[in-house]
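Following: one structure in structure tokens, then a few remarks.
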Amino acid sequence: MRNPILSTFMVSGKIRSRGWSAISNSKKQYGSEKVFRGDIAQKKSMLMGFFEHRILPDAGETELQALARLFMANDNDRIADRMISMFPRDRRGINQWYTKEDEYGAKLWDIEPAVQVIGVTSNGSLVLDGCRAAAIRWKNFPSVAFATRRTIRRLLAHAMPYVTLFVLIPVGGIALKFSFVDSNLFIWSMLIFGLSLTLLLFAPIFTTYAHSGRVVLTRPWLIGVKGVISAQEASDHLYGYQIGDSRRTFYTPSGSPLARPRESDSKFREGHVSQYDAALAAPPFDPIEGHMFTLVDTVSSTIYYFRAHRPPTVCLFTGSEGGQGRFVLASEKCSSSELRRETVLRMPSYIFGHMHTCDWVALCGNP
């Protein structure tokens, strides 16, 4: 099979690409692994002419490994670091770190890397340092601690059950105790008990109204769902039922390939509900792109739709571009202690502040 890898080199501070058309594919012509290894060495030797520092040849390495070592030796512009954050348009190359075209339309020099490539594994995976990572929960929706916007009415509704238990009922008991002195006290005590009983019956409604409204602070969680759910369904699972029409979870405007921004007359930058309809109408499984999944982020109160062959269990912050952070969702390959890149999402950059710094991470490699 023809290898689509292109050589990349620096000219006047800009990254340009040139094909390997000058070099024939010896493996295709002769079917010899030995000739193919020599072909890689020949390509590498020609490519090294564009760089200041050269590397020693290794007959046992693949083309990607040779390219990675060459970039690391001459990487003043951190080419390999930037490629980690790119989302290839050809999903068949999602497990390879080398990417020519980005699904979001970004160029290589538009990405500001947040990680550093420090090595290459025997499988061709890049070893990253300085990663911030967060686990994705797939078991169920957790019980999330959150705070809503407080108003006078919500504060009164929240205090009403406590006022009934600790004020009205004791006052009614005292009036009933001294009702033998004055018969009117018995009537007042019955009225107080009747009012207290009525307020206690409506206590669930008061509590629900008190915790309704826009969520202003929540515990950070990344929650994965296989399939498609709406933003309202995600809000109900996370925060419970509310009284009112305040939206608590929003659609992403540009965070995934299925994202659609809302009309320009909106006061806020948010996604359009049409992306939910598009994700719902799409087939559950695609042979090339994989299954349909939903990711819910509680920090930004945003919902994302994406496709992947395996459920990603780790979210890595690898860089930023265009005012958004680049987050790589990866699944675990326990047999080699490596991570496989499943997709790349554009999420608010401030989310990385809620993620944990981690040790070296081996990402991508052979599928």
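So you can find residues: chains in the structure tokens are A, B, ... in the order shown, residues in each start at 1, and ligands are numbered from 1 in order.
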
Would you write out, as JSON lines, a table of all residues in range 89-156 of chain A that have an atom no more than 10 Å from an atom of range 334-339 of chain A, listing for each the closest atom pair and the distance in Å to one decimal, considering only C-alpha atoms and ordering rows by chain and rising residue number?
```
{"residue": "A:Asn95", "atom": "CA", "partner": "A:Leu339", "partner_atom": "CA", "distance": 9.4}
{"residue": "A:Thr121", "atom": "CA", "partner": "A:Glu338", "partner_atom": "CA", "distance": 9.5}
{"residue": "A:Asn123", "atom": "CA", "partner": "A:Ser336", "partner_atom": "CA", "distance": 8.8}
{"residue": "A:Ser125", "atom": "CA", "partner": "A:Glu338", "partner_atom": "CA", "distance": 7.8}
{"residue": "A:Leu126", "atom": "CA", "partner": "A:Glu338", "partner_atom": "CA", "distance": 9.5}
{"residue": "A:Val127", "atom": "CA", "partner": "A:Glu338", "partner_atom": "CA", "distance": 9.2}
```

Set the distance at 6 Å and use only C-alpha atoms: which residues neighbour range 304-312 of chain A once local chain neighbours fewer than 6 positions away are removed? I'd like the list as a list in words.
Glu289, Gly290, His291, Met292, Phe293, Thr294, Leu295, Leu329, Ala330, Ser331 and Glu342 of chain A

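Distance annotation: of A:Ala362, A:Ala231, A:Val314, A:Val328, the residue with the minimal separation from Asp277 in chain A is A:Ala231; atom set is only C-alpha atoms.
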
Under the rule that only C-alpha atoms are counted, which of A:Cys315, A:Ile174, A:Leu165, A:Met355 is the nearest residue to Glu332 in chain A?
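Smallest separation from Glu332 in chain A among the options: A:Cys315.
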
Proximity to Thr313 in chain A - best of A:Lys139, A:Arg82, A:Arg89, A:Lys177, only C-alpha atoms
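Nearest candidate to Thr313 in chain A out of A:Lys139, A:Arg82, A:Arg89, A:Lys177: A:Lys139.
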
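Every protein, DNA or RNA residue with an atom at most 9 Å from range 148-157 of chain A, where only C-alpha atoms count and chain neighbours fewer than 5 positions away do not, is listed here: Ala203, Ile205, Phe206, Thr207, Thr208, Tyr209, Ala210, His211, Ser212, Gly213, Arg214, Val215, Val216, Leu217 and Thr218 of chain A.
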